[in-house]
$ cat run.cif   # mmCIF, C-alpha atoms
data_protein
#
loop_
_atom_site.label_atom_id
_atom_site.label_comp_id
_atom_site.auth_asym_id
_atom_site.auth_seq_id
_atom_site.Cartn_x
_atom_site.Cartn_y
_atom_site.Cartn_z
CA MET A 52 9.26 26.23 38.05
CA GLU A 53 12.95 25.68 38.83
CA LYS A 54 15.19 26.91 36.00
CA ILE A 55 17.28 23.87 35.12
CA PHE A 56 18.64 24.70 31.66
CA ASN A 57 21.68 26.72 32.75
CA ASN A 58 23.54 23.67 34.07
CA THR A 59 26.29 23.24 31.46
CA GLU A 60 28.06 20.47 33.35
CA VAL A 61 25.01 18.23 32.88
CA ALA A 62 24.34 19.56 29.37
CA PHE A 63 27.79 18.68 27.99
CA GLU A 64 28.81 15.81 30.24
CA VAL A 65 29.13 13.31 27.37
CA LYS A 66 31.12 15.71 25.14
CA THR A 67 34.91 15.70 25.03
CA ASP A 68 36.89 18.95 25.12
CA SER A 69 37.54 18.68 21.38
CA GLU A 70 33.82 18.17 20.66
CA ILE A 71 33.02 21.25 22.74
CA ASP A 72 35.60 23.25 20.79
CA ARG A 73 34.27 22.02 17.44
CA ALA A 74 30.70 22.94 18.41
CA PHE A 75 31.82 26.40 19.57
CA TYR A 76 33.63 27.23 16.33
CA LEU A 77 30.82 25.73 14.22
CA PHE A 78 28.16 27.92 15.85
CA GLU A 79 30.49 30.92 15.61
CA MET A 80 30.47 30.40 11.84
CA ILE A 81 26.74 29.70 11.63
CA LYS A 82 25.81 32.96 13.36
CA ARG A 83 27.38 34.89 10.46
CA GLU A 84 24.76 34.85 7.70
CA PRO A 85 27.11 35.85 4.85
CA LEU A 86 29.46 32.99 5.77
CA VAL A 87 26.57 30.52 5.78
CA LYS A 88 25.42 31.68 2.34
CA ILE A 89 28.93 31.49 0.89
CA GLY A 90 29.64 28.16 2.59
CA THR A 91 26.44 26.50 1.39
CA ALA A 92 26.97 27.73 -2.18
CA MET A 93 30.55 26.44 -2.18
CA THR A 94 29.48 23.11 -0.70
CA LYS A 95 26.74 22.62 -3.30
CA PHE A 96 29.22 23.43 -6.08
CA ALA A 97 31.90 21.11 -4.67
CA LEU A 98 29.46 18.19 -4.38
CA LYS A 99 27.95 18.82 -7.81
CA THR A 100 31.38 18.83 -9.45
CA HIS A 101 32.53 15.83 -7.37
CA LEU A 102 35.36 17.65 -5.62
CA PRO A 103 36.82 15.56 -2.76
CA VAL A 104 35.21 17.47 0.11
CA GLU A 105 33.20 14.72 1.80
CA GLY A 106 35.96 13.98 4.32
CA LEU A 107 36.05 17.64 5.41
CA ILE A 108 32.26 17.79 5.66
CA ARG A 109 32.19 14.53 7.61
CA SER A 110 34.70 15.74 10.23
CA THR A 111 32.95 19.07 10.82
CA VAL A 112 29.29 19.86 10.24
CA PHE A 113 28.22 16.25 9.46
CA ASP A 114 29.62 14.72 12.66
CA HIS A 115 28.12 17.53 14.73
CA PHE A 116 24.56 17.23 13.39
CA CYS A 117 24.45 13.55 12.24
CA GLY A 118 24.98 10.18 13.87
CA GLY A 119 26.75 8.49 10.98
CA VAL A 120 26.38 7.10 7.48
CA THR A 121 24.53 3.89 8.45
CA GLU A 122 22.42 2.70 11.36
CA ILE A 123 25.35 0.68 12.71
CA ASP A 124 27.59 3.71 12.32
CA CYS A 125 25.20 5.56 14.68
CA MET A 126 25.43 3.03 17.51
CA PRO A 127 28.35 4.64 19.43
CA VAL A 128 26.46 7.95 19.47
CA ILE A 129 23.19 6.24 20.49
CA GLU A 130 24.89 4.33 23.30
CA LYS A 131 26.79 7.37 24.57
CA MET A 132 23.64 9.49 24.76
CA PHE A 133 21.72 6.67 26.42
CA THR A 134 24.21 6.53 29.30
CA LYS A 135 22.36 9.69 30.37
CA ARG A 136 18.91 8.31 29.41
CA VAL A 137 18.68 10.48 26.32
CA HIS A 138 17.02 8.36 23.64
CA SER A 139 17.51 8.48 19.87
CA VAL A 140 15.13 8.71 16.91
CA LEU A 141 16.99 7.30 13.92
CA ASP A 142 16.14 9.54 10.98
CA TYR A 143 17.27 8.46 7.50
CA SER A 144 17.80 11.97 6.13
CA ALA A 145 18.59 11.52 2.45
CA GLU A 146 16.50 14.27 0.81
CA GLY A 147 15.53 15.45 -2.63
CA LYS A 148 15.20 12.01 -4.25
CA GLU A 149 12.43 11.51 -6.78
CA ASP A 150 12.50 7.90 -7.99
CA GLU A 151 10.60 4.80 -6.91
CA ALA A 152 13.75 2.87 -6.03
CA GLN A 153 14.79 5.56 -3.57
CA PHE A 154 11.29 5.67 -2.04
CA ASP A 155 11.42 1.90 -1.54
CA LEU A 156 14.88 2.23 0.03
CA THR A 157 13.60 4.85 2.49
CA MET A 158 10.71 2.53 3.36
CA GLU A 159 13.16 -0.32 4.00
CA LYS A 160 15.29 1.97 6.18
CA THR A 161 12.17 2.91 8.15
CA LEU A 162 11.20 -0.75 8.60
CA ASN A 163 14.72 -1.49 9.79
CA ASN A 164 14.51 1.35 12.30
CA ILE A 165 11.21 -0.04 13.60
CA LYS A 166 13.08 -3.31 14.26
CA PHE A 167 15.76 -1.30 16.06
CA GLY A 168 13.01 0.27 18.16
CA LYS A 169 11.69 -3.15 19.18
CA GLU A 170 15.15 -4.44 20.09
CA LYS A 171 16.73 -1.38 21.71
CA GLU A 172 15.28 0.65 24.56
CA SER A 173 17.52 3.52 23.45
CA VAL A 174 15.61 3.88 20.12
CA PRO A 175 11.92 4.17 21.08
CA PHE A 176 10.57 5.71 17.84
CA ALA A 177 10.91 5.40 14.08
CA VAL A 178 10.34 8.29 11.67
CA PHE A 179 9.99 9.24 8.00
CA LYS A 180 9.20 12.28 5.85
CA PRO A 181 6.23 12.18 3.45
CA THR A 182 8.49 13.02 0.50
CA GLY A 183 10.71 10.12 1.51
CA PHE A 184 7.85 7.86 0.35
CA GLY A 185 6.70 9.70 -2.77
CA ARG A 186 7.09 12.72 -5.03
CA LEU A 187 6.14 16.11 -3.64
CA GLU A 188 4.26 16.86 -6.88
CA ILE A 189 1.80 14.03 -6.20
CA TYR A 190 1.03 15.37 -2.72
CA ARG A 191 0.76 18.91 -4.13
CA LYS A 192 -1.76 17.98 -6.80
CA LEU A 193 -3.97 16.18 -4.29
CA THR A 194 -3.68 19.01 -1.74
CA GLU A 195 -4.61 21.63 -4.34
CA GLY A 196 -7.44 19.58 -5.84
CA GLU A 197 -5.82 18.79 -9.18
CA PRO A 198 -6.62 15.44 -10.83
CA LEU A 199 -3.90 12.82 -11.13
CA ASN A 200 -3.24 11.14 -14.45
CA ALA A 201 -3.11 7.33 -14.65
CA SER A 202 0.61 6.98 -13.88
CA GLU A 203 0.38 9.51 -11.03
CA GLN A 204 -2.57 7.60 -9.58
CA THR A 205 -0.41 4.48 -9.62
CA GLU A 206 2.31 6.42 -7.78
CA TRP A 207 -0.22 7.58 -5.18
CA GLU A 208 -1.44 4.02 -4.59
CA ARG A 209 2.17 2.98 -4.03
CA ILE A 210 2.67 5.87 -1.57
CA LYS A 211 -0.41 4.75 0.36
CA GLU A 212 0.91 1.18 0.34
CA ARG A 213 4.25 2.31 1.80
CA TYR A 214 2.48 4.21 4.59
CA ASP A 215 0.41 1.17 5.46
CA ILE A 216 3.36 -1.24 5.36
CA VAL A 217 5.40 0.79 7.85
CA SER A 218 2.37 1.68 10.00
CA LYS A 219 1.41 -1.98 10.31
CA ALA A 220 5.01 -2.91 11.15
CA ALA A 221 5.03 -0.22 13.85
CA TYR A 222 1.72 -1.50 15.20
CA ASP A 223 2.82 -5.15 15.16
CA ARG A 224 6.07 -4.34 16.98
CA ASP A 225 4.53 -1.71 19.29
CA VAL A 226 7.01 0.96 18.18
CA PRO A 227 5.58 4.50 17.76
CA LEU A 228 6.09 6.00 14.30
CA LEU A 229 6.61 9.74 13.77
CA ILE A 230 5.66 11.18 10.36
CA ASP A 231 7.16 14.59 9.68
CA ALA A 232 5.44 17.63 8.13
CA GLU A 233 6.61 19.58 5.09
CA GLU A 234 5.38 22.46 2.91
CA THR A 235 1.75 23.61 3.26
CA TRP A 236 1.05 23.10 -0.44
CA MET A 237 1.56 19.35 -0.08
CA GLN A 238 0.65 18.81 3.57
CA THR A 239 -3.12 18.28 3.39
CA ALA A 240 -2.69 15.12 1.30
CA ALA A 241 -0.14 13.83 3.81
CA ASP A 242 -2.35 14.78 6.78
CA ASP A 243 -5.33 12.94 5.30
CA LEU A 244 -3.25 9.81 4.78
CA ILE A 245 -1.78 10.05 8.29
CA GLU A 246 -5.30 10.37 9.69
CA GLU A 247 -6.24 7.16 7.85
CA MET A 248 -3.29 5.42 9.54
CA MET A 249 -4.30 6.79 12.96
CA ALA A 250 -7.89 5.58 12.47
CA LYS A 251 -6.58 2.12 11.57
CA TYR A 252 -3.74 1.67 14.08
CA ASN A 253 -4.40 4.05 17.02
CA THR A 254 -7.58 2.42 18.34
CA GLU A 255 -6.01 1.22 21.61
CA LYS A 256 -3.03 3.54 22.05
CA VAL A 257 -1.01 5.96 19.96
CA ILE A 258 1.30 4.29 17.46
CA ILE A 259 1.08 6.75 14.55
CA PHE A 260 2.09 10.38 15.11
CA GLY A 261 1.55 13.20 12.64
CA THR A 262 3.35 16.53 12.91
CA LEU A 263 1.95 20.02 13.48
CA GLN A 264 4.11 22.93 12.30
CA LEU A 265 2.94 25.64 14.66
CA TYR A 266 4.21 28.63 12.76
CA ARG A 267 0.98 27.94 10.83
CA TRP A 268 -1.93 29.97 12.19
CA ASP A 269 -4.53 27.29 11.31
CA ARG A 270 -3.14 24.33 13.25
CA LEU A 271 -5.12 24.59 16.50
CA ASP A 272 -8.39 24.66 14.55
CA TYR A 273 -7.19 21.68 12.50
CA LEU A 274 -6.31 19.75 15.69
CA LYS A 275 -9.67 20.46 17.32
CA LYS A 276 -11.54 19.20 14.24
CA LEU A 277 -9.31 16.13 14.07
CA HIS A 278 -9.99 15.51 17.77
CA GLN A 279 -13.72 15.60 17.14
CA ARG A 280 -13.40 13.10 14.27
CA ALA A 281 -11.18 10.88 16.43
CA LYS A 282 -13.75 10.78 19.23
CA GLU A 283 -16.53 9.96 16.77
CA GLN A 284 -14.52 7.20 15.06
CA GLY A 285 -12.82 5.79 18.16
CA PHE A 286 -9.11 6.44 17.62
CA LYS A 287 -6.39 8.33 19.45
CA ILE A 288 -4.24 11.19 18.16
CA GLY A 289 -0.45 11.33 18.21
CA MET A 290 1.30 14.57 17.28
CA LYS A 291 4.83 15.82 17.17
CA LEU A 292 4.78 19.57 17.77
CA VAL A 293 7.37 21.78 16.09
CA ARG A 294 7.51 25.45 15.22
CA GLY A 295 8.37 24.86 11.56
CA ALA A 296 11.11 24.67 8.96
CA TYR A 297 10.02 26.34 5.72
CA MET A 298 9.00 29.90 6.65
CA GLU A 299 10.83 31.90 3.97
CA LYS A 300 9.77 29.48 1.24
CA GLU A 301 6.14 29.56 2.44
CA ARG A 302 5.93 33.36 2.47
CA GLU A 303 7.58 33.74 -0.93
CA ARG A 304 5.19 31.26 -2.55
CA ALA A 305 2.11 32.85 -0.92
CA GLU A 306 3.12 36.26 -2.25
CA GLU A 307 4.00 34.91 -5.67
CA LYS A 308 0.71 33.02 -6.10
CA GLY A 309 -1.50 35.57 -4.32
CA TYR A 310 -2.95 33.52 -1.48
CA LYS A 311 -3.04 34.28 2.26
CA ASP A 312 0.28 33.79 4.02
CA PRO A 313 -0.11 30.52 6.00
CA ILE A 314 2.49 31.57 8.58
CA CYS A 315 1.81 33.38 11.87
CA VAL A 316 2.46 37.12 11.72
CA ASP A 317 5.49 37.03 14.04
CA LYS A 318 7.48 34.90 16.47
CA ALA A 319 5.27 35.86 19.43
CA ALA A 320 2.21 34.55 17.59
CA THR A 321 4.09 31.35 16.72
CA ASP A 322 5.14 30.87 20.34
CA LYS A 323 1.54 31.39 21.47
CA MET A 324 0.29 28.88 18.90
CA PHE A 325 2.85 26.29 20.04
CA ASN A 326 1.98 26.76 23.70
CA ASP A 327 -1.79 26.78 23.07
CA VAL A 328 -1.62 23.52 21.09
CA LEU A 329 0.67 21.93 23.68
CA THR A 330 -1.75 22.90 26.46
CA TYR A 331 -4.76 21.63 24.49
CA MET A 332 -3.09 18.27 23.90
CA PHE A 333 -2.01 17.92 27.50
CA ARG A 334 -5.51 18.68 28.77
CA ASN A 335 -6.82 15.95 26.46
CA ILE A 336 -3.98 13.52 27.14
CA ASP A 337 -6.37 10.59 27.60
CA ASP A 338 -7.16 10.91 23.89
CA MET A 339 -3.67 11.84 22.71
CA ALA A 340 0.10 11.49 22.95
CA VAL A 341 2.49 14.37 22.39
CA PHE A 342 6.10 14.59 21.24
CA ALA A 343 7.08 18.18 22.04
CA GLY A 344 9.82 18.86 19.51
CA THR A 345 11.17 22.17 20.74
CA HIS A 346 14.41 24.07 21.30
CA ASN A 347 12.47 26.74 23.16
CA GLU A 348 13.12 26.85 26.90
CA GLU A 349 9.82 28.55 27.80
CA SER A 350 7.73 25.93 25.97
CA SER A 351 9.74 23.22 27.74
CA TYR A 352 9.09 24.84 31.12
CA LEU A 353 5.39 25.09 30.22
CA LEU A 354 5.14 21.32 29.67
CA MET A 355 7.12 20.67 32.86
CA ASP A 356 4.70 22.94 34.74
CA LEU A 357 1.64 21.24 33.24
CA LEU A 358 3.02 17.88 34.37
CA ALA A 359 3.84 19.15 37.86
CA LYS A 360 0.35 20.57 38.40
CA SER A 361 -1.56 17.63 36.93
CA GLY A 362 -0.26 14.66 38.85
CA VAL A 363 0.63 12.91 35.57
CA ASP A 364 4.00 11.17 35.94
CA LYS A 365 6.82 13.14 34.37
CA ASN A 366 7.95 9.96 32.57
CA ASP A 367 4.46 9.04 31.30
CA LYS A 368 5.03 7.38 27.92
CA ARG A 369 2.40 9.56 26.26
CA ILE A 370 4.59 12.63 26.78
CA TRP A 371 8.02 13.16 25.23
CA PHE A 372 10.37 16.06 24.80
CA GLY A 373 12.49 16.07 21.64
CA GLN A 374 15.40 18.04 20.20
CA LEU A 375 17.70 17.67 17.21
CA TYR A 376 21.09 16.05 17.63
CA GLY A 377 23.78 18.71 17.76
CA MET A 378 21.48 21.35 19.26
CA SER A 379 20.03 22.30 22.65
CA ASP A 380 21.92 19.76 24.76
CA HIS A 381 21.23 22.05 27.72
CA ILE A 382 17.54 21.21 27.32
CA SER A 383 17.86 17.50 26.46
CA TYR A 384 20.32 16.41 29.13
CA ASN A 385 18.91 18.52 31.94
CA LEU A 386 15.40 17.23 31.23
CA SER A 387 16.68 13.66 31.23
CA LYS A 388 18.62 14.25 34.45
CA ASN A 389 15.36 15.39 36.02
CA GLY A 390 13.44 12.28 34.98
CA TYR A 391 11.56 13.33 31.84
CA ASN A 392 11.28 11.33 28.59
CA VAL A 393 13.72 12.84 26.08
CA ALA A 394 14.68 11.80 22.55
CA LYS A 395 17.11 13.35 20.09
CA TYR A 396 16.41 13.19 16.36
CA LEU A 397 19.55 11.50 15.03
CA PRO A 398 19.90 12.02 11.25
CA TYR A 399 22.04 9.61 9.25
CA GLY A 400 22.77 8.65 5.67
CA PRO A 401 25.43 9.09 2.96
CA VAL A 402 27.20 12.44 3.36
CA ARG A 403 26.24 13.63 -0.11
CA ASP A 404 22.57 12.68 0.35
CA VAL A 405 22.29 14.29 3.79
CA MET A 406 23.70 17.67 2.65
CA PRO A 407 20.26 19.24 1.93
CA TYR A 408 19.34 18.50 5.57
CA LEU A 409 22.61 19.97 6.86
CA ILE A 410 22.26 23.10 4.75
CA ARG A 411 18.74 23.61 6.12
CA ARG A 412 20.06 23.23 9.68
CA ALA A 413 22.71 25.89 9.06
CA GLU A 414 20.21 28.26 7.44
CA GLU A 415 17.64 27.78 10.22
CA ASN A 416 20.20 28.44 12.94
CA THR A 417 21.20 31.63 11.13
CA SER A 418 17.59 32.84 10.82
CA VAL A 419 16.29 31.93 14.31
CA ALA A 420 17.00 34.91 16.53
CA GLY A 421 18.74 33.94 19.74
CA GLN A 422 19.17 30.20 19.04
CA THR A 423 22.81 30.33 17.95
CA SER A 424 23.69 32.99 20.53
CA ARG A 425 22.28 30.80 23.29
CA GLU A 426 24.27 27.78 22.08
CA LEU A 427 27.46 29.87 22.01
CA GLN A 428 26.81 31.36 25.44
CA LEU A 429 26.46 27.91 27.01
CA LEU A 430 29.43 26.42 25.15
CA LYS A 431 31.60 29.34 26.22
CA ARG A 432 30.50 28.92 29.83
CA GLU A 433 31.31 25.20 29.75
CA ARG A 434 34.74 25.80 28.21
CA GLU A 435 35.51 28.24 31.01
CA ARG A 436 34.17 25.86 33.65
CA ARG A 437 36.43 23.07 32.39
CA LYS A 438 39.48 25.33 32.40
CA VAL A 439 38.80 26.17 36.05
#
$ encode --input "run.cif" --output "structure tokens"
Amino acid sequence: MEKIFNNTEVAFEVKTDSEIDRAFYLFEMIKREPLVKIGTAMTKFALKTHLPVEGLIRSTVFDHFCGGVTEIDCMPVIEKMFTKRVHSVLDYSAEGKEDEAQFDLTMEKTLNNIKFGKEKESVPFAVFKPTGFGRLEIYRKLTEGEPLNASEQTEWERIKERYDIVSKAAYDRDVPLLIDAEETWMQTAADDLIEEMMAKYNTEKVIIFGTLQLYRWDRLDYLKKLHQRAKEQGFKIGMKLVRGAYMEKERERAEEKGYKDPICVDKAATDKMFNDVLTYMFRNIDDMAVFAGTHNEESSYLLMDLLAKSGVDKNDKRIWFGQLYGMSDHISYNLSKNGYNVAKYLPYGPVRDVMPYLIRRAEENTSVAGQTSRELQLLKRERERRKV
């Protein structure tokens, strides 16, 4: 397989010199773990005490990792990326809210993004997080087999209603809907509800996608059992594949509560799990659709190789590559240049509300060995190329 990800001219073609410089200095900071810890603590304090720091955040880390404050605010970014056939997944990323009004707002944002998806070729998916539609504690109780009281049962019915409203809107408008994954201790309840939506709306083609976090050692077994149920009941499976976002939290809770660590023993085992699940889905592509959400070059080459050897078109709409905005442009833009389906997750929302997402991005980049170094290596090479 030809190695295409070293082409920095293609990778950064839509970025100005100042954007390249900002990205370089940002990743230089992120690679220093003590700086990230100090910076996140200071940011949390500044926002909590209402210090006027939103302008500084907006011009640095926010603008690098987010598309804007509103959907309309994101349009220049969406249009610029789409000049190179890199699509966008508008992701309303306000996190940590726990009231019904906020859950209804997130649902309305998701419905609006489904409309965007119908109207704009550049926005082919909509997305939401399970805890965007309801309290984590409700999902946790159901996942761990605890009974809900009367008011919690009412909340759960409203969560189910929100899922069905957006799933039906996605089905009616023929816009695929990605539903993210979160912590293991709440995920089974979300998975069961997502499976209900797949059974209802994926009878002809994949509209509803769940998410598999493949740092979990149980996910291939889960997928195989889901596949069997899908064949028996006559529906198709959509899955976004990611490695995962909550490793430290998962391991700490498992140790604290005395249950088996749900995370693979090491990165090699996680990489194998990702590649095994990706291969399984591809070999069953007539029953499935896959959104390969990965910043890993080897997993990307694996999917390219599977496509090349199968005779399936590289731009088959059942197969997408995905990366986060602000990261891995060398993968996204080079894949697009070579004719593959590519979409960037484009977070947006009020600066203050999006900060938990941004802090997680910074912490993940610090903890993932090699990710930040690779970004810096490519940015440095492009800066030097432009000087020449």
$ resolve_selection --input "run.cif" --expression "the PyMOL selection byres ((chain A and resi 140) around 6)" --output "JSON list (two decimals) with C-alpha atoms, in the frame of the given file"
[["chain", "number", "residue", "atom", "x", "y", "z"],
["A", 139, "SER", "CA", 17.51, 8.48, 19.87],
["A", 141, "LEU", "CA", 16.99, 7.30, 13.92],
["A", 174, "VAL", "CA", 15.61, 3.88, 20.12],
["A", 176, "PHE", "CA", 10.57, 5.71, 17.84],
["A", 395, "LYS", "CA", 17.11, 13.35, 20.09],
["A", 396, "TYR", "CA", 16.41, 13.19, 16.36],
["A", 397, "LEU", "CA", 19.55, 11.50, 15.03]]
$ closest_residue --input "run.cif" --among "A:Trp236, A:Phe75, A:Tyr252, A:Trp268" --to "Asp223 of chain A" --atoms "only C-alpha atoms"
A:Tyr252
$ residues_around --input "run.cif" --residues "Pro401 of chain A" --least-positions-apart "5" --cutoff "10 Å" --atoms "all atoms listed in the file" --output "number ranges by chain"
A: 105, 109, 119-121, 143-145, 406
$ residues_around --input "run.cif" --residues "segment 312-320 of chain A" --least-positions-apart "5" --cutoff "9 Å" --atoms "all atoms listed in the file" --output "VMD selection string"
chain A and resid 235 265 to 269 298 301 to 306 325
$ residues_around --input "run.cif" --residues "Asp215 of chain A" --least-positions-apart "5" --cutoff "12 Å" --atoms "all atoms listed in the file" --output "list of chain:residue names"
A:Met158, A:Leu162, A:Phe184, A:Glu208, A:Arg209, A:Ile210, A:Ala220, A:Ala221, A:Tyr222, A:Asp223, A:Leu228, A:Leu244, A:Ile245, A:Glu246, A:Glu247, A:Met248, A:Met249, A:Ala250, A:Lys251, A:Tyr252, A:Ile259
$ atom_distance --input "run.cif" --atom1 "atom CA of Met355 of chain A" --atom2 "atom CA of Gly285 of chain A"
28.9 Å
$ resolve_selection --input "run.cif" --expression "the PyMOL selection byres ((chain A and resi 263) around 12)" --output "PyMOL selection string"
chain A and resi 229-235+238-239+241-242+245+260-262+264-274+277+288-296+321+324-325+328-329+332+341-345
$ atom_distance --input "run.cif" --atom1 "atom CA of Gly362 of chain A" --atom2 "atom CA of Asn389 of chain A"
15.9 Å
$ atom_distance --input "run.cif" --atom1 "atom CA of Lys368 of chain A" --atom2 "atom CA of Phe56 of chain A"
22.3 Å
$ residues_around --input "run.cif" --residues "Gly185 of chain A" --least-positions-apart "6" --cutoff "9 Å" --atoms "all atoms listed in the file" --output "list of chain:residue names"
A:Lys148, A:Glu149, A:Asp150, A:Glu151, A:Phe154, A:Glu206, A:Trp207, A:Arg209, A:Ile210
$ closest_residue --input "run.cif" --among "A:Glu203, A:Glu60, A:Asp225, A:Asp72" --to "Ile189 of chain A" --atoms "only C-alpha atoms"
A:Glu203
$ closest_residue --input "run.cif" --among "A:Gln374, A:Ser202, A:Ser361, A:Ser110" --to "Ala74 of chain A" --atoms "all atoms listed in the file"
A:Ser110
$ residues_around --input "run.cif" --residues "Arg136 of chain A" --least-positions-apart "3" --cutoff "12 Å" --atoms "all atoms listed in the file" --output "NGL selection string"
:A and (65 or 129-133 or 139 or 172-175 or 366 or 383-395)
